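This is run_3.txt (compact mmCIF, C-alpha atoms).
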# COMPACT_ATOMS: atom_id res chain seq x y z
CA MET A 1 2.91 2.78 -57.42
CA LYS A 2 1.38 -0.07 -59.11
CA THR A 3 -2.04 -1.33 -58.23
CA LYS A 4 -0.67 -4.68 -56.99
CA GLN A 5 1.72 -2.91 -54.65
CA LYS A 6 -1.08 -0.64 -53.34
CA VAL A 7 -3.31 -3.64 -52.65
CA PHE A 8 -0.44 -5.50 -50.99
CA LEU A 9 0.43 -2.43 -48.86
CA ALA A 10 -3.18 -1.85 -47.83
CA THR A 11 -3.64 -5.54 -47.01
CA SER A 12 -0.41 -5.58 -45.00
CA ILE A 13 -1.36 -2.45 -43.07
CA GLY A 14 -4.85 -3.90 -42.43
CA LEU A 15 -3.40 -7.19 -41.17
CA ILE A 16 -0.92 -5.36 -38.95
CA ALA A 17 -3.75 -3.21 -37.56
CA LEU A 18 -5.93 -6.28 -36.93
CA GLY A 19 -3.02 -8.08 -35.26
CA THR A 20 -2.36 -5.07 -33.06
CA ILE A 21 -6.04 -4.79 -32.10
CA ALA A 22 -6.20 -8.52 -31.38
CA GLY A 23 -3.06 -8.33 -29.24
CA LEU A 24 -4.30 -5.33 -27.27
CA THR A 25 -7.69 -6.97 -26.77
CA THR A 26 -6.01 -10.12 -25.47
CA VAL A 27 -3.85 -8.11 -23.08
CA MET A 28 -6.89 -6.18 -21.79
CA VAL A 29 -8.93 -9.37 -21.32
CA LEU A 30 -6.08 -11.03 -19.44
CA ARG A 31 -5.65 -7.97 -17.21
CA LYS A 32 -9.40 -7.91 -16.52
CA LYS A 33 -9.38 -11.63 -15.63
CA LYS A 34 -6.41 -11.08 -13.31
CA GLN A 35 -8.16 -8.12 -11.68
CA ASP A 36 -11.40 -10.14 -11.31
CA ARG A 37 -9.44 -13.02 -9.80
CA GLN A 38 -7.83 -10.66 -7.30
CA ASN A 39 -11.24 -9.16 -6.44
CA ILE A 40 -12.66 -12.65 -5.87
CA GLU A 41 -9.70 -13.58 -3.66
CA ASN A 42 -10.13 -10.33 -1.70
CA LYS A 43 -13.85 -11.03 -1.21
CA GLN A 44 -13.09 -14.59 -0.11
CA ASN A 45 -10.51 -13.29 2.37
CA GLU A 46 -13.03 -10.74 3.68
CA ILE A 47 -15.63 -13.49 4.09
CA LYS A 48 -13.13 -15.70 5.94
CA GLU A 49 -12.18 -12.79 8.22
CA THR A 50 -15.84 -11.98 8.90
CA GLU A 51 -16.59 -15.63 9.70
CA LYS A 52 -13.57 -15.74 12.00
CA GLU A 53 -14.72 -12.55 13.77
CA ASN A 54 -18.24 -13.95 14.13
CA GLN A 55 -16.88 -17.13 15.69
CA GLU A 56 -14.70 -15.09 18.04
CA ASN A 57 -17.68 -12.93 19.03
CA LYS A 58 -19.77 -16.03 19.74
CA SER A 59 -17.00 -17.50 21.87
CA LYS A 60 -16.56 -14.24 23.80
CA GLU A 61 -19.83 -14.76 25.60
CA THR A 62 -19.43 -13.08 28.96
CA GLU A 63 -19.55 -14.97 32.21
CA GLU A 64 -22.69 -13.07 33.15
CA GLU A 65 -24.51 -14.27 30.02
CA LYS A 66 -23.46 -17.84 30.80
CA GLU A 67 -24.69 -17.35 34.34
CA ILE A 68 -28.05 -16.05 33.07
CA LYS A 69 -28.47 -19.10 30.84
CA GLU A 70 -27.77 -21.44 33.71
CA THR A 71 -29.94 -19.54 36.19
CA GLU A 72 -33.41 -20.80 36.95
CA ALA A 73 -36.21 -18.60 35.62
CA GLU A 74 -37.67 -18.07 39.10
CA SER A 75 -34.43 -16.60 40.44
CA ILE A 76 -34.29 -14.15 37.51
CA PHE A 77 -37.88 -13.19 38.27
CA THR A 78 -37.17 -12.52 41.95
CA SER A 79 -33.69 -11.00 41.50
CA ASP A 80 -33.25 -7.37 42.60
CA LYS A 81 -29.89 -7.09 40.84
CA LYS A 82 -31.48 -6.39 37.46
CA GLU A 83 -33.68 -3.44 36.56
CA GLU A 84 -37.14 -4.47 35.40
CA ILE A 85 -38.08 -2.73 32.15
CA ASN A 86 -41.40 -2.36 30.33
CA SER A 87 -42.14 -5.65 28.59
CA ASN A 88 -43.41 -3.76 25.52
CA LEU A 89 -39.77 -2.85 24.82
CA VAL A 90 -38.88 -6.54 24.50
CA PHE A 91 -41.92 -8.64 23.61
CA PRO A 92 -44.18 -8.19 20.58
CA THR A 93 -47.90 -7.52 20.61
CA LEU A 94 -49.80 -10.39 19.04
CA ASN A 95 -52.58 -10.09 16.48
CA GLN A 96 -55.14 -12.87 16.74
CA ALA A 97 -55.77 -12.80 12.98
CA ASP A 98 -52.21 -14.12 12.46
CA TYR A 99 -53.12 -17.39 14.19
CA TYR A 100 -56.66 -18.07 13.04
CA ASP A 101 -55.52 -20.27 10.14
CA HIS A 102 -53.69 -22.54 12.59
CA LEU A 103 -56.72 -23.31 14.74
CA ASN A 104 -58.16 -26.79 14.69
CA PHE A 105 -61.87 -27.44 14.89
CA ARG A 106 -63.68 -30.41 16.38
CA ASN A 107 -67.50 -30.50 16.44
CA ASN A 108 -67.51 -26.83 15.38
CA GLN A 109 -65.42 -25.98 18.44
CA ALA A 110 -61.93 -24.47 18.15
CA TRP A 111 -59.15 -26.09 20.15
CA ILE A 112 -55.45 -25.42 20.64
CA ASP A 113 -53.02 -28.25 19.91
CA GLU A 114 -49.25 -28.60 20.30
CA GLU A 115 -48.66 -27.55 16.68
CA MET A 116 -50.43 -24.24 17.25
CA ILE A 117 -48.61 -23.62 20.52
CA LYS A 118 -45.29 -24.30 18.78
CA PHE A 119 -46.24 -21.92 15.94
CA ILE A 120 -47.16 -19.13 18.38
CA VAL A 121 -43.99 -19.57 20.48
CA ASP A 122 -41.82 -19.58 17.34
CA ASP A 123 -43.61 -16.46 16.08
CA ILE A 124 -43.09 -14.63 19.39
CA LEU A 125 -39.40 -15.56 19.46
CA ALA A 126 -38.99 -14.38 15.86
CA LYS A 127 -40.61 -11.02 16.68
CA ILE A 128 -38.62 -10.28 19.86
CA LEU A 129 -37.64 -6.61 19.76
CA VAL A 130 -34.16 -6.89 21.31
CA GLU A 131 -31.04 -8.58 20.00
CA ASN A 132 -29.18 -9.43 23.18
CA GLY A 133 -29.99 -11.32 26.31
CA VAL A 134 -31.46 -14.68 27.18
CA ILE A 135 -35.09 -15.74 26.82
CA LYS A 136 -36.73 -18.44 28.89
CA TYR A 137 -40.33 -19.50 28.57
CA ASN A 138 -42.85 -21.84 30.11
CA ILE A 139 -46.02 -23.25 28.58
CA GLU A 140 -49.01 -23.90 30.84
CA VAL A 141 -51.78 -25.85 29.12
CA ILE A 142 -54.90 -25.26 31.19
CA ASN A 143 -57.11 -27.20 28.78
CA ASP A 144 -57.45 -27.58 25.01
CA GLN A 145 -58.94 -24.08 24.78
CA ASN A 146 -56.72 -22.11 27.20
CA VAL A 147 -52.95 -21.86 27.29
CA LEU A 148 -50.61 -19.50 29.15
CA LEU A 149 -47.22 -18.68 27.64
CA ASN A 150 -44.86 -17.14 30.22
CA PHE A 151 -41.72 -15.43 28.92
CA ILE A 152 -38.74 -14.04 30.81
CA TRP A 153 -36.01 -12.00 29.10
CA ALA A 154 -32.83 -10.93 30.86
CA ASN A 155 -29.45 -9.51 29.96
CA ASN A 156 -26.58 -8.38 32.18
CA SER A 157 -28.48 -5.47 33.74
CA GLN A 158 -32.19 -5.68 32.82
CA LYS A 159 -35.12 -8.08 32.84
CA ALA A 160 -38.66 -8.18 31.47
CA PHE A 161 -41.62 -10.52 31.82
CA ARG A 162 -44.67 -11.20 29.67
CA THR A 163 -47.50 -13.70 29.87
CA TYR A 164 -49.63 -14.35 26.82
CA LYS A 165 -53.03 -15.93 27.37
CA ILE A 166 -54.12 -17.89 24.33
CA SER A 167 -57.75 -18.94 24.38
CA THR A 168 -60.62 -19.86 22.10
CA ASN A 169 -64.27 -19.05 22.54
CA VAL A 170 -66.40 -21.84 23.93
CA LEU A 171 -69.54 -22.44 21.94

As structure tokens, how would this structure be written, given the file I've shared?
Amino acid sequence: MKTKQKVFLATSIGLIALGTIAGLTTVMVLRKKKQDRQNIENKQNEIKETEKENQENKSKETEEEKEIKETEAESIFTSDKKEEINSNLVFPTLNQADYYDHLNFRNNQAWIDEEMIKFIVDDILAKILVENGVIKYNIEVINDQNVLLNFIWANNSQKAFRTYKISTNVL
């Protein structure tokens, strides 16, 4: 063969090989995109189904739970229908160091304001150790240095009570 024919043949084979590689790459990329699109659609469908299930679960609140929410705290407290359990199983133990930064001082005397009470109540509710049931609470402000936080928790068959006394030292 002549040199021109060899160069032409090699160039032709190289171009055919490059075209084949480019075609296969395109096909693989398109397949991958299609697969990714299907995966995204599947995930979106799963999310929609999960959201639908969550909404159904929220709407399936039992009549007893509705009754507990509508019941006055005092009647839950005095009810013999529910078993009273140890409040340590429901309510958290508080650490005074967690709240020191939220104290206000006036004339070198610590005092408890509404902001601090709100912070403590929110913290207690965030640290509740059970996931079901209804929580009711009452705040008794004795003075600006003493506050009682009364909590009642109840579900369909159990109840628990806890009172937190929040106080500052009088100087």

Quick one: everything within 12 Å of A:Tyr164, counting only C-alpha atoms, minus sequence neighbours fewer than 2 positions away in the same chain. Send it as an mmCIF file with C-alpha atoms, keeping the file's coordinate frame.
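The new file out23.cif reads:
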data_model
loop_
_atom_site.group_PDB
_atom_site.id
_atom_site.type_symbol
_atom_site.label_atom_id
_atom_site.label_comp_id
_atom_site.auth_asym_id
_atom_site.auth_seq_id
_atom_site.Cartn_x
_atom_site.Cartn_y
_atom_site.Cartn_z
ATOM 1 C CA SER A 87 -42.140 -5.650 28.590
ATOM 2 C CA PHE A 91 -41.920 -8.640 23.610
ATOM 3 C CA PRO A 92 -44.180 -8.190 20.580
ATOM 4 C CA THR A 93 -47.900 -7.520 20.610
ATOM 5 C CA LEU A 94 -49.800 -10.390 19.040
ATOM 6 C CA ASN A 95 -52.580 -10.090 16.480
ATOM 7 C CA GLN A 96 -55.140 -12.870 16.740
ATOM 8 C CA ILE A 117 -48.610 -23.620 20.520
ATOM 9 C CA ILE A 120 -47.160 -19.130 18.380
ATOM 10 C CA VAL A 121 -43.990 -19.570 20.480
ATOM 11 C CA ILE A 124 -43.090 -14.630 19.390
ATOM 12 C CA TYR A 137 -40.330 -19.500 28.570
ATOM 13 C CA ASN A 138 -42.850 -21.840 30.110
ATOM 14 C CA ILE A 139 -46.020 -23.250 28.580
ATOM 15 C CA GLU A 140 -49.010 -23.900 30.840
ATOM 16 C CA VAL A 141 -51.780 -25.850 29.120
ATOM 17 C CA ASN A 146 -56.720 -22.110 27.200
ATOM 18 C CA VAL A 147 -52.950 -21.860 27.290
ATOM 19 C CA LEU A 148 -50.610 -19.500 29.150
ATOM 20 C CA LEU A 149 -47.220 -18.680 27.640
ATOM 21 C CA ASN A 150 -44.860 -17.140 30.220
ATOM 22 C CA PHE A 151 -41.720 -15.430 28.920
ATOM 23 C CA ILE A 152 -38.740 -14.040 30.810
ATOM 24 C CA PHE A 161 -41.620 -10.520 31.820
ATOM 25 C CA ARG A 162 -44.670 -11.200 29.670
ATOM 26 C CA ILE A 166 -54.120 -17.890 24.330
ATOM 27 C CA SER A 167 -57.750 -18.940 24.380
#

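One finds atom CA of A:Ile135 at 13.9 Å from atom CA of A:Leu89.
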
Subject >> Neighbour list for A:Lys82 as a ChimeraX atom specification, cut-off 8 Å, all atoms listed in the file, skip fewer than 6 positions in-chain >> reply: /A:156-159

**OP:** In Å, rounded to a single decimal, give me how far atom CA of A:Ser12 is from atom CA of A:Thr26.
**Re:** 20.8 Å

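Counting from atom CA of A:Ile40, the distance to atom CA of A:Val27 is 19.9 Å.
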
**OP:** Find, counting all atoms listed in the file, the residue in A:Tyr100, A:Phe119, A:Phe105, A:Trp111 that gets nearest to A:Ile142.
**Re:** A:Trp111

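Closest approach to A:Asn86 among A:Ile112, A:Leu129, A:Leu9, A:Val29 is made by A:Leu129 (distances from all atoms listed in the file).
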
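If you measure from each of A:Leu30, A:Ala110, A:Val7, A:Leu18 to A:Asn143 using all atoms listed in the file, the closest one turns out to be A:Ala110.
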
Would you compute the box with edges along x, y and z of the file around stretch 14-33 of chain A, including every atom the file lists for it and 6 Å extra on each side, and give its centre and edge lengths in Å to one decimal, as lines of an AutoDock Vina configuration file?
center_x = -5.2
center_y = -7.4
center_z = -29.0
size_x = 20.5
size_y = 20.4
size_z = 38.8

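Between A:Asp144 and the residues A:Thr163, A:Asn169, A:Asn42, A:Asn88, the shortest atom-to-atom distance, using all atoms listed in the file, involves A:Asn169.
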